[in-house]
$ cat protein33.cif   # mmCIF, C-alpha atoms
data_my_file
#
loop_
_atom_site.group_PDB
_atom_site.id
_atom_site.type_symbol
_atom_site.label_atom_id
_atom_site.label_comp_id
_atom_site.auth_asym_id
_atom_site.auth_seq_id
_atom_site.Cartn_x
_atom_site.Cartn_y
_atom_site.Cartn_z
ATOM 1 C CA MET A 1 11.206 -12.155 -3.195
ATOM 2 C CA VAL A 2 7.453 -11.546 -3.168
ATOM 3 C CA LYS A 3 5.027 -13.476 -5.387
ATOM 4 C CA ILE A 4 1.465 -12.437 -6.160
ATOM 5 C CA THR A 5 -1.297 -13.441 -8.545
ATOM 6 C CA ASN A 6 -3.719 -10.834 -9.825
ATOM 7 C CA GLU A 7 -5.973 -11.115 -12.882
ATOM 8 C CA HIS A 8 -5.816 -7.371 -13.446
ATOM 9 C CA PHE A 9 -2.073 -6.777 -13.304
ATOM 10 C CA SER A 10 0.338 -6.712 -16.224
ATOM 11 C CA LEU A 11 3.863 -5.320 -15.992
ATOM 12 C CA ASN A 12 3.993 -5.107 -19.778
ATOM 13 C CA GLN A 13 0.791 -3.090 -20.079
ATOM 14 C CA ILE A 14 1.738 -0.769 -17.230
ATOM 15 C CA CYS A 15 5.164 -0.210 -18.816
ATOM 16 C CA GLN A 16 3.575 0.804 -22.129
ATOM 17 C CA SER A 17 0.672 2.793 -20.686
ATOM 18 C CA GLY A 18 2.319 6.219 -20.883
ATOM 19 C CA GLN A 19 1.993 6.982 -17.177
ATOM 20 C CA CYS A 20 5.508 6.023 -16.000
ATOM 21 C CA PHE A 21 8.775 6.755 -17.788
ATOM 22 C CA ARG A 22 11.335 5.030 -15.544
ATOM 23 C CA MET A 23 9.980 1.523 -15.988
ATOM 24 C CA ASN A 24 11.820 -0.416 -18.676
ATOM 25 C CA GLN A 25 11.814 -3.938 -20.044
ATOM 26 C CA THR A 26 15.229 -5.576 -19.522
ATOM 27 C CA GLN A 27 14.427 -8.938 -21.134
ATOM 28 C CA GLU A 28 11.281 -10.885 -22.013
ATOM 29 C CA HIS A 29 8.799 -10.582 -19.129
ATOM 30 C CA HIS A 30 11.424 -8.834 -16.943
ATOM 31 C CA TYR A 31 11.305 -5.157 -15.946
ATOM 32 C CA LYS A 32 13.174 -2.661 -13.824
ATOM 33 C CA ILE A 33 11.288 0.121 -12.105
ATOM 34 C CA ILE A 34 12.859 3.262 -10.656
ATOM 35 C CA ALA A 35 10.497 5.328 -8.529
ATOM 36 C CA GLY A 36 11.980 8.457 -6.971
ATOM 37 C CA GLN A 37 15.016 7.068 -5.141
ATOM 38 C CA ARG A 38 13.910 3.403 -5.181
ATOM 39 C CA TYR A 39 14.741 0.527 -7.512
ATOM 40 C CA LEU A 40 12.881 -2.722 -8.215
ATOM 41 C CA ASP A 41 13.337 -5.722 -10.491
ATOM 42 C CA ALA A 42 10.105 -7.554 -11.283
ATOM 43 C CA TYR A 43 9.040 -10.254 -13.703
ATOM 44 C CA GLU A 44 6.004 -12.241 -14.854
ATOM 45 C CA GLU A 45 5.903 -16.030 -15.045
ATOM 46 C CA ASP A 46 2.969 -18.474 -15.318
ATOM 47 C CA ASP A 47 0.328 -15.856 -14.443
ATOM 48 C CA CYS A 48 2.323 -14.786 -11.376
ATOM 49 C CA ILE A 49 4.224 -11.586 -10.701
ATOM 50 C CA PHE A 50 7.494 -11.715 -8.800
ATOM 51 C CA PHE A 51 8.915 -8.658 -7.025
ATOM 52 C CA CYS A 52 12.620 -8.882 -6.190
ATOM 53 C CA CYS A 53 12.464 -7.198 -2.809
ATOM 54 C CA SER A 54 11.821 -8.078 0.811
ATOM 55 C CA ASN A 55 8.309 -8.537 2.182
ATOM 56 C CA GLU A 56 8.907 -5.480 4.326
ATOM 57 C CA GLU A 57 9.827 -3.239 1.376
ATOM 58 C CA PHE A 58 6.972 -4.631 -0.706
ATOM 59 C CA HIS A 59 4.326 -3.814 1.913
ATOM 60 C CA GLU A 60 6.016 -0.541 2.880
ATOM 61 C CA PHE A 61 6.226 0.866 -0.652
ATOM 62 C CA TRP A 62 5.599 -1.258 -3.752
ATOM 63 C CA GLU A 63 2.192 -2.627 -2.799
ATOM 64 C CA ASP A 64 0.873 0.911 -2.589
ATOM 65 C CA TYR A 65 2.886 2.070 -5.628
ATOM 66 C CA PHE A 66 1.179 -0.526 -7.835
ATOM 67 C CA ASP A 67 -2.201 0.227 -6.226
ATOM 68 C CA LEU A 68 -2.694 -3.440 -5.397
ATOM 69 C CA LYS A 69 -5.468 -2.810 -2.887
ATOM 70 C CA HIS A 70 -7.759 -1.274 -5.510
ATOM 71 C CA ASN A 71 -10.337 -3.580 -7.123
ATOM 72 C CA TYR A 72 -10.020 -2.893 -10.863
ATOM 73 C CA HIS A 73 -12.306 -5.793 -11.698
ATOM 74 C CA HIS A 74 -15.088 -3.932 -9.889
ATOM 75 C CA ASN A 75 -14.519 -0.908 -12.166
ATOM 76 C CA ILE A 76 -14.630 -3.056 -15.297
ATOM 77 C CA LEU A 77 -17.906 -4.660 -14.215
ATOM 78 C CA LYS A 78 -19.484 -1.187 -14.141
ATOM 79 C CA ILE A 79 -18.882 -0.550 -17.854
ATOM 80 C CA ASN A 80 -22.089 -0.141 -19.837
ATOM 81 C CA PRO A 81 -22.748 -3.544 -21.485
ATOM 82 C CA ASN A 82 -23.893 -1.687 -24.632
ATOM 83 C CA ASP A 83 -20.567 0.180 -24.950
ATOM 84 C CA SER A 84 -18.722 -2.262 -27.198
ATOM 85 C CA TYR A 85 -15.767 0.078 -27.667
ATOM 86 C CA LEU A 86 -15.028 0.537 -23.960
ATOM 87 C CA LEU A 87 -15.622 -3.151 -23.254
ATOM 88 C CA SER A 88 -13.086 -4.003 -25.963
ATOM 89 C CA ALA A 89 -10.585 -1.519 -24.525
ATOM 90 C CA ALA A 90 -10.962 -2.878 -20.984
ATOM 91 C CA SER A 91 -10.648 -6.510 -22.065
ATOM 92 C CA PHE A 92 -7.605 -5.695 -24.200
ATOM 93 C CA GLU A 93 -5.598 -4.066 -21.417
ATOM 94 C CA GLY A 94 -7.292 -4.823 -18.134
ATOM 95 C CA GLY A 95 -3.872 -5.285 -16.543
ATOM 96 C CA ILE A 96 -3.145 -1.566 -16.336
ATOM 97 C CA ARG A 97 -3.196 -0.010 -12.878
ATOM 98 C CA ILE A 98 -2.948 3.660 -11.932
ATOM 99 C CA LEU A 99 0.393 3.851 -10.164
ATOM 100 C CA ARG A 100 0.854 5.953 -7.038
ATOM 101 C CA GLN A 101 3.878 7.906 -8.177
ATOM 102 C CA ASP A 102 5.937 10.715 -6.688
ATOM 103 C CA LEU A 103 4.226 14.070 -7.185
ATOM 104 C CA TRP A 104 7.319 16.085 -8.098
ATOM 105 C CA GLU A 105 8.504 13.413 -10.523
ATOM 106 C CA MET A 106 5.114 13.483 -12.249
ATOM 107 C CA ILE A 107 5.116 17.280 -12.531
ATOM 108 C CA VAL A 108 8.490 17.215 -14.273
ATOM 109 C CA SER A 109 7.659 14.149 -16.377
ATOM 110 C CA PHE A 110 4.485 15.627 -17.803
ATOM 111 C CA LEU A 111 6.018 19.047 -18.360
ATOM 112 C CA ILE A 112 8.537 17.170 -20.506
ATOM 113 C CA SER A 113 5.766 15.149 -22.179
ATOM 114 C CA GLN A 114 4.294 18.156 -23.995
ATOM 115 C CA GLN A 115 4.500 17.763 -27.781
ATOM 116 C CA ASN A 116 6.650 14.688 -27.221
ATOM 117 C CA ASN A 117 6.479 10.894 -27.634
ATOM 118 C CA ILE A 118 6.975 8.180 -25.033
ATOM 119 C CA VAL A 119 10.354 6.958 -26.325
ATOM 120 C CA ARG A 120 11.813 10.461 -26.349
ATOM 121 C CA ILE A 121 10.315 11.323 -22.953
ATOM 122 C CA ARG A 122 12.043 8.269 -21.454
ATOM 123 C CA ARG A 123 15.375 9.342 -22.903
ATOM 124 C CA CYS A 124 15.008 12.925 -21.676
ATOM 125 C CA ILE A 125 14.142 11.824 -18.144
ATOM 126 C CA GLU A 126 16.940 9.262 -18.023
ATOM 127 C CA LEU A 127 19.470 11.888 -19.097
ATOM 128 C CA LEU A 128 18.020 14.382 -16.610
ATOM 129 C CA CYS A 129 18.433 11.858 -13.775
ATOM 130 C CA LYS A 130 21.949 10.835 -14.815
ATOM 131 C CA THR A 131 23.005 14.480 -14.959
ATOM 132 C CA TYR A 132 21.298 15.876 -11.842
ATOM 133 C CA GLY A 133 20.122 12.886 -9.787
ATOM 134 C CA THR A 134 22.049 11.077 -7.065
ATOM 135 C CA GLU A 135 23.954 7.972 -8.164
ATOM 136 C CA MET A 136 22.736 4.946 -6.225
ATOM 137 C CA VAL A 137 23.281 1.177 -6.130
ATOM 138 C CA SER A 138 20.438 -1.316 -5.756
ATOM 139 C CA SER A 139 20.512 -4.385 -3.512
ATOM 140 C CA ARG A 140 21.287 -6.360 -6.672
ATOM 141 C CA LYS A 141 24.338 -4.142 -7.359
ATOM 142 C CA GLU A 142 22.675 -2.253 -10.220
ATOM 143 C CA THR A 143 23.706 1.383 -10.587
ATOM 144 C CA TYR A 144 20.835 3.816 -11.049
ATOM 145 C CA TYR A 145 20.054 7.487 -10.491
ATOM 146 C CA GLY A 146 17.485 9.016 -8.208
ATOM 147 C CA PHE A 147 15.116 11.683 -9.503
ATOM 148 C CA PRO A 148 16.579 15.208 -9.104
ATOM 149 C CA THR A 149 15.038 17.343 -6.379
ATOM 150 C CA PRO A 150 13.322 20.721 -6.927
ATOM 151 C CA GLU A 151 16.186 22.357 -5.023
ATOM 152 C CA THR A 152 18.787 20.919 -7.406
ATOM 153 C CA LEU A 153 16.918 21.964 -10.548
ATOM 154 C CA SER A 154 16.011 25.381 -9.152
ATOM 155 C CA ARG A 155 19.681 26.386 -9.226
ATOM 156 C CA LEU A 156 19.872 26.023 -13.015
ATOM 157 C CA GLU A 157 19.485 28.626 -15.733
ATOM 158 C CA ASP A 158 16.280 28.469 -17.763
ATOM 159 C CA ASN A 159 17.952 26.949 -20.820
ATOM 160 C CA GLN A 160 20.371 24.646 -19.010
ATOM 161 C CA LEU A 161 18.209 21.536 -19.430
ATOM 162 C CA MET A 162 18.382 21.871 -23.193
ATOM 163 C CA ALA A 163 21.538 19.786 -22.763
ATOM 164 C CA CYS A 164 19.197 17.003 -21.614
ATOM 165 C CA ASN A 165 17.214 17.409 -24.857
ATOM 166 C CA LEU A 166 14.277 19.152 -23.187
ATOM 167 C CA GLY A 167 14.187 21.978 -25.735
ATOM 168 C CA TYR A 168 11.723 24.755 -24.841
ATOM 169 C CA ARG A 169 10.500 22.591 -21.941
ATOM 170 C CA SER A 170 13.756 23.359 -20.113
ATOM 171 C CA LYS A 171 12.369 26.690 -18.925
ATOM 172 C CA TYR A 172 9.126 25.040 -17.794
ATOM 173 C CA VAL A 173 10.971 22.558 -15.558
ATOM 174 C CA VAL A 174 13.451 25.053 -14.119
ATOM 175 C CA GLN A 175 10.788 27.663 -13.361
ATOM 176 C CA ALA A 176 8.503 25.065 -11.780
ATOM 177 C CA ALA A 177 11.446 23.888 -9.646
ATOM 178 C CA LYS A 178 12.064 27.453 -8.495
ATOM 179 C CA GLN A 179 8.405 27.835 -7.482
ATOM 180 C CA VAL A 180 8.519 24.624 -5.449
ATOM 181 C CA ALA A 181 11.975 25.149 -3.922
ATOM 182 C CA SER A 182 11.110 28.716 -2.846
ATOM 183 C CA GLY A 183 7.930 27.563 -1.119
ATOM 184 C CA ASN A 184 5.686 29.553 -3.437
ATOM 185 C CA PHE A 185 4.142 26.288 -4.567
ATOM 186 C CA ASP A 186 3.501 23.826 -1.726
ATOM 187 C CA LEU A 187 3.468 20.155 -2.744
ATOM 188 C CA ILE A 188 2.363 19.032 0.721
ATOM 189 C CA LYS A 189 -0.728 21.250 0.673
ATOM 190 C CA LEU A 190 -1.476 20.173 -2.891
ATOM 191 C CA LYS A 191 -1.695 16.533 -1.779
ATOM 192 C CA ALA A 192 -4.478 17.419 0.657
ATOM 193 C CA LEU A 193 -6.717 19.087 -1.935
ATOM 194 C CA PRO A 194 -9.638 17.444 -3.764
ATOM 195 C CA TYR A 195 -9.329 16.952 -7.519
ATOM 196 C CA LYS A 196 -10.816 20.204 -8.833
ATOM 197 C CA LYS A 197 -8.928 22.428 -6.391
ATOM 198 C CA ALA A 198 -5.693 20.515 -6.988
ATOM 199 C CA LYS A 199 -6.065 21.003 -10.728
ATOM 200 C CA GLU A 200 -6.662 24.744 -10.245
ATOM 201 C CA GLU A 201 -3.508 24.990 -8.145
ATOM 202 C CA LEU A 202 -1.429 23.064 -10.667
ATOM 203 C CA LEU A 203 -2.406 25.537 -13.375
ATOM 204 C CA ASN A 204 -0.432 28.131 -11.379
ATOM 205 C CA LEU A 205 2.794 26.241 -12.044
ATOM 206 C CA PHE A 206 4.885 27.603 -14.912
ATOM 207 C CA GLY A 207 4.256 25.649 -18.120
ATOM 208 C CA VAL A 208 1.314 23.612 -16.799
ATOM 209 C CA GLY A 209 -1.850 23.548 -18.904
ATOM 210 C CA GLU A 210 -5.094 21.557 -18.712
ATOM 211 C CA LYS A 211 -3.732 18.235 -19.970
ATOM 212 C CA VAL A 212 -0.571 18.292 -17.858
ATOM 213 C CA ALA A 213 -2.580 19.283 -14.767
ATOM 214 C CA ASP A 214 -4.941 16.345 -15.298
ATOM 215 C CA CYS A 215 -2.026 13.952 -15.837
ATOM 216 C CA VAL A 216 -0.420 15.088 -12.593
ATOM 217 C CA CYS A 217 -3.756 14.767 -10.770
ATOM 218 C CA LEU A 218 -4.225 11.218 -12.049
ATOM 219 C CA PHE A 219 -0.693 9.840 -11.855
ATOM 220 C CA GLY A 220 0.837 11.966 -9.089
ATOM 221 C CA LEU A 221 -2.137 12.586 -6.790
ATOM 222 C CA HIS A 222 -4.196 9.472 -7.616
ATOM 223 C CA HIS A 223 -7.365 11.443 -8.307
ATOM 224 C CA LEU A 224 -9.081 8.723 -10.328
ATOM 225 C CA GLU A 225 -11.743 11.140 -11.578
ATOM 226 C CA ALA A 226 -9.126 13.017 -13.622
ATOM 227 C CA PHE A 227 -9.472 12.355 -17.360
ATOM 228 C CA PRO A 228 -6.491 13.751 -19.332
ATOM 229 C CA VAL A 229 -7.278 14.492 -22.967
ATOM 230 C CA ASP A 230 -4.377 14.247 -25.411
ATOM 231 C CA THR A 231 -4.421 13.619 -29.164
ATOM 232 C CA HIS A 232 -5.194 9.893 -28.804
ATOM 233 C CA ILE A 233 -8.022 10.430 -26.339
ATOM 234 C CA LYS A 234 -9.443 13.272 -28.435
ATOM 235 C CA GLN A 235 -9.551 10.985 -31.480
ATOM 236 C CA ALA A 236 -11.315 8.276 -29.476
ATOM 237 C CA LEU A 237 -13.879 10.728 -28.131
ATOM 238 C CA GLN A 238 -14.597 12.095 -31.602
ATOM 239 C CA ALA A 239 -15.027 8.594 -33.007
ATOM 240 C CA HIS A 240 -16.970 6.898 -30.208
ATOM 241 C CA TYR A 241 -18.384 9.565 -27.867
ATOM 242 C CA LYS A 242 -19.601 12.426 -30.015
ATOM 243 C CA ARG A 243 -21.737 13.737 -27.137
ATOM 244 C CA GLY A 244 -18.843 13.518 -24.724
ATOM 245 C CA PHE A 245 -17.482 10.818 -22.447
ATOM 246 C CA PRO A 246 -20.145 9.546 -19.989
ATOM 247 C CA ASN A 247 -18.540 10.991 -16.857
ATOM 248 C CA ARG A 248 -21.673 10.672 -14.737
ATOM 249 C CA ARG A 249 -21.888 6.924 -15.298
ATOM 250 C CA TYR A 250 -18.250 6.400 -14.327
ATOM 251 C CA LYS A 251 -17.900 9.044 -11.645
ATOM 252 C CA GLY A 252 -14.868 8.441 -9.468
ATOM 253 C CA PHE A 253 -12.888 6.158 -11.807
ATOM 254 C CA GLN A 254 -12.882 7.935 -15.172
ATOM 255 C CA GLY A 255 -9.075 7.965 -15.074
ATOM 256 C CA VAL A 256 -8.923 4.174 -15.000
ATOM 257 C CA LEU A 257 -11.022 4.033 -18.157
ATOM 258 C CA GLN A 258 -8.946 6.798 -19.716
ATOM 259 C CA GLN A 259 -5.897 4.551 -19.420
ATOM 260 C CA TYR A 260 -7.740 1.642 -21.039
ATOM 261 C CA ILE A 261 -8.750 3.893 -23.936
ATOM 262 C CA PHE A 262 -5.276 5.423 -24.306
ATOM 263 C CA TYR A 263 -3.557 2.037 -24.442
ATOM 264 C CA TYR A 264 -6.177 0.603 -26.797
ATOM 265 C CA GLU A 265 -5.762 3.513 -29.202
ATOM 266 C CA LEU A 266 -1.988 2.951 -29.234
ATOM 267 C CA HIS A 267 -1.850 -0.835 -29.343
ATOM 268 C CA GLY A 268 -5.339 -2.230 -29.880
ATOM 269 C CA ASN A 269 -7.773 -3.098 -32.624
ATOM 270 C CA LYS A 270 -7.999 -0.242 -35.110
ATOM 271 C CA ASP A 271 -10.957 -1.910 -36.800
ATOM 272 C CA CYS A 272 -13.387 -1.209 -33.950
ATOM 273 C CA PRO A 273 -16.593 0.185 -35.527
ATOM 274 C CA ARG A 274 -16.848 3.962 -35.346
ATOM 275 C CA GLY A 275 -19.587 5.301 -33.123
ATOM 276 C CA SER A 276 -19.800 2.113 -31.045
ATOM 277 C CA GLY A 277 -19.371 3.836 -27.693
ATOM 278 C CA ASP A 278 -21.790 4.869 -24.958
ATOM 279 C CA THR A 279 -24.534 7.258 -26.068
ATOM 280 C CA ASP A 280 -25.106 8.807 -22.630
ATOM 281 C CA LYS A 281 -24.381 12.491 -22.207
ATOM 282 C CA ALA A 282 -21.167 13.389 -20.391
#

$ encode --input "protein33.cif" --output "C-alpha cells"
Amino acid sequence: MVKITNEHFSLNQICQSGQCFRMNQTQEHHYKIIAGQRYLDAYEEDDCIFFCCSNEEFHEFWEDYFDLKHNYHHNILKINPNDSYLLSAASFEGGIRILRQDLWEMIVSFLISQQNNIVRIRRCIELLCKTYGTEMVSSRKETYYGFPTPETLSRLEDNQLMACNLGYRSKYVVQAAKQVASGNFDLIKLKALPYKKAKEELLNLFGVGEKVADCVCLFGLHHLEAFPVDTHIKQALQAHYKRGFPNRRYKGFQGVLQQYIFYYELHGNKDCPRGSGDTDKA
C-alpha cells in the first residue's frame, strides 16, 4: 500500500476527464485502473490517495502513469488573472492530471471515440479487451483483461469488430493494427518525435484525423502542447476565446488547460459569463 497527499490530484476528476476509458469507480471514492496489462485498486480518504500496490510497483510504473512528478500548481499559477473563465475551470477541476498511457491503447481508444460518448466508448473497449485481450488475475484475485495487441487485431477482418459495437470504426482499428503489426507504422520511432512531427505521422494511420491525432499526442505521447478540439472545446472557444485560444501565453502546457476546459464544460458552472476569457491572440 502506498499513500500520498497531493493538492492537485483527484481520482474522481481523472476518471471523468475523458482521457482514460479503463478506469472505473467501484464504490464511493474507490476506483480500479487497468493500464495495458496492469491492474490497480486506488481510493481517496481524508485528502489522501491510497494505491493498493507495492512501493516497488508504484515507483516503477504508477508514479509515472499518474504524472506525479509534474507540478500542476505551477501551471495554474500561470493563468492570466484576468481570464475569469479559465481560472474558474482550473479551480473547479484542478485535480486532473495528464496520464502517461500506452501509445497503442490510446490510438485504438481515440479511433473508437469518434462520434461517440464516454459511456459507450468504455463499453466498446471493455468488450474489445474481453474478446481479444489476455485474461489475467490481479494480486487481489480480480479477473481482468489486458489490452489486445496490434498483432492480434491485425488478423481480423475489417468488419469483425462490429461485434464489439465499434460500427464503422471497426475498419479503422483493424487497418491501423495491420499498419503497426506489419512495421509500416513504427510506434517506437513515433515516441521519439516532437509534437508537430508526431502529429503529422499519426495522420498517416488509417482513420486518424486532426482531433484523434492531437488526443493521441496528448494522452499517449504526453506532448502537453497538444490541444485537441472536439465539440465541447469548440463551444468553449466560440464563447470565451473568439480570437482563438492564447497558445503563446500557455506554450508547453496547453493540453493541461484543455483538460480543465473539457471537464468544466461537461460538469461545471454553465452560468459562466460569455466572453469572459483571455483576449490575447492565439

$ resolve_selection --input "protein33.cif" --expression "the PyMOL selection byres ((chain A and resi 212) around 8)" --output "count of residues only"
13

$ axis_aligned_box --input "protein33.cif" --around "region 42-46 of chain A" --padding-each-side "3 Å" --output "AutoDock Vina command-line options"
--center_x 6.5 --center_y -13.0 --center_z -13.3 --size_x 13.1 --size_y 16.9 --size_z 10.0

$ residues_near_point --input "protein33.cif" --point "(14.1, -4.6, -10.4)" --cutoff "9 Å" --atoms "only C-alpha atoms" --output "PyMOL selection string"
chain A and resi 30-34+39-43+51-53+138+140+142

$ atom_distance --input "protein33.cif" --atom1 "CA of Asn80 (chain A)" --atom2 "CA of Leu257 (chain A)"
11.9 Å

$ residues_around --input "protein33.cif" --residues "region 165-170 of chain A" --least-positions-apart "5" --cutoff "7 Å" --atoms "all atoms listed in the file" --output "PDB file with C-alpha atoms, in the frame of the given file"
ATOM      1  CA  LEU A 111       6.018  19.047 -18.360  1.00  0.00           C
ATOM      2  CA  ILE A 112       8.537  17.170 -20.506  1.00  0.00           C
ATOM      3  CA  CYS A 124      15.008  12.925 -21.676  1.00  0.00           C
ATOM      4  CA  ASP A 158      16.280  28.469 -17.763  1.00  0.00           C
ATOM      5  CA  ASN A 159      17.952  26.949 -20.820  1.00  0.00           C
ATOM      6  CA  GLN A 160      20.371  24.646 -19.010  1.00  0.00           C
TER       7      GLN A 160
END

$ build_atoms --input "protein33.cif" --residues "region 128-141 of chain A" --atoms "N, CA, C and O atoms" --output "PDB file, in the frame of the given file"
ATOM      1  N   LEU A 128      18.214  13.424 -17.700  1.00  0.00           N
ATOM      2  CA  LEU A 128      18.020  14.382 -16.610  1.00  0.00           C
ATOM      3  C   LEU A 128      18.468  13.772 -15.284  1.00  0.00           C
ATOM      4  O   LEU A 128      19.172  14.412 -14.484  1.00  0.00           O
ATOM      5  N   CYS A 129      18.080  12.525 -15.033  1.00  0.00           N
ATOM      6  CA  CYS A 129      18.433  11.858 -13.775  1.00  0.00           C
ATOM      7  C   CYS A 129      19.930  11.551 -13.703  1.00  0.00           C
ATOM      8  O   CYS A 129      20.549  11.708 -12.638  1.00  0.00           O
ATOM      9  N   LYS A 130      20.515  11.116 -14.804  1.00  0.00           N
ATOM     10  CA  LYS A 130      21.949  10.835 -14.815  1.00  0.00           C
ATOM     11  C   LYS A 130      22.765  12.098 -14.572  1.00  0.00           C
ATOM     12  O   LYS A 130      23.830  12.053 -13.948  1.00  0.00           O
ATOM     13  N   THR A 131      22.266  13.227 -15.065  1.00  0.00           N
ATOM     14  CA  THR A 131      23.005  14.480 -14.959  1.00  0.00           C
ATOM     15  C   THR A 131      22.830  15.143 -13.598  1.00  0.00           C
ATOM     16  O   THR A 131      23.795  15.665 -13.020  1.00  0.00           O
ATOM     17  N   TYR A 132      21.589  15.109 -13.059  1.00  0.00           N
ATOM     18  CA  TYR A 132      21.298  15.876 -11.842  1.00  0.00           C
ATOM     19  C   TYR A 132      20.793  15.035 -10.666  1.00  0.00           C
ATOM     20  O   TYR A 132      20.627  15.567  -9.566  1.00  0.00           O
ATOM     21  N   GLY A 133      20.562  13.747 -10.884  1.00  0.00           N
ATOM     22  CA  GLY A 133      20.122  12.886  -9.787  1.00  0.00           C
ATOM     23  C   GLY A 133      21.299  12.306  -9.021  1.00  0.00           C
ATOM     24  O   GLY A 133      22.448  12.393  -9.455  1.00  0.00           O
ATOM     25  N   THR A 134      21.013  11.703  -7.887  1.00  0.00           N
ATOM     26  CA  THR A 134      22.049  11.077  -7.065  1.00  0.00           C
ATOM     27  C   THR A 134      22.318   9.663  -7.554  1.00  0.00           C
ATOM     28  O   THR A 134      21.388   8.882  -7.761  1.00  0.00           O
ATOM     29  N   GLU A 135      23.597   9.329  -7.752  1.00  0.00           N
ATOM     30  CA  GLU A 135      23.954   7.972  -8.164  1.00  0.00           C
ATOM     31  C   GLU A 135      23.736   7.028  -6.994  1.00  0.00           C
ATOM     32  O   GLU A 135      24.154   7.294  -5.866  1.00  0.00           O
ATOM     33  N   MET A 136      23.074   5.901  -7.273  1.00  0.00           N
ATOM     34  CA  MET A 136      22.736   4.946  -6.225  1.00  0.00           C
ATOM     35  C   MET A 136      23.009   3.535  -6.725  1.00  0.00           C
ATOM     36  O   MET A 136      23.179   3.307  -7.933  1.00  0.00           O
ATOM     37  N   VAL A 137      23.050   2.578  -5.785  1.00  0.00           N
ATOM     38  CA  VAL A 137      23.281   1.177  -6.130  1.00  0.00           C
ATOM     39  C   VAL A 137      22.192   0.342  -5.473  1.00  0.00           C
ATOM     40  O   VAL A 137      21.950   0.458  -4.271  1.00  0.00           O
ATOM     41  N   SER A 138      21.524  -0.488  -6.275  1.00  0.00           N
ATOM     42  CA  SER A 138      20.438  -1.316  -5.756  1.00  0.00           C
ATOM     43  C   SER A 138      20.993  -2.489  -4.954  1.00  0.00           C
ATOM     44  O   SER A 138      22.200  -2.757  -4.956  1.00  0.00           O
ATOM     45  N   SER A 139      20.106  -3.211  -4.282  1.00  0.00           N
ATOM     46  CA  SER A 139      20.512  -4.385  -3.512  1.00  0.00           C
ATOM     47  C   SER A 139      21.078  -5.481  -4.403  1.00  0.00           C
ATOM     48  O   SER A 139      21.793  -6.369  -3.942  1.00  0.00           O
ATOM     49  N   ARG A 140      20.772  -5.380  -5.704  1.00  0.00           N
ATOM     50  CA  ARG A 140      21.287  -6.360  -6.672  1.00  0.00           C
ATOM     51  C   ARG A 140      22.499  -5.813  -7.423  1.00  0.00           C
ATOM     52  O   ARG A 140      22.854  -6.279  -8.497  1.00  0.00           O
ATOM     53  N   LYS A 141      23.099  -4.750  -6.854  1.00  0.00           N
ATOM     54  CA  LYS A 141      24.338  -4.142  -7.359  1.00  0.00           C
ATOM     55  C   LYS A 141      24.159  -3.445  -8.712  1.00  0.00           C
ATOM     56  O   LYS A 141      25.114  -3.300  -9.474  1.00  0.00           O
TER      57      LYS A 141
END
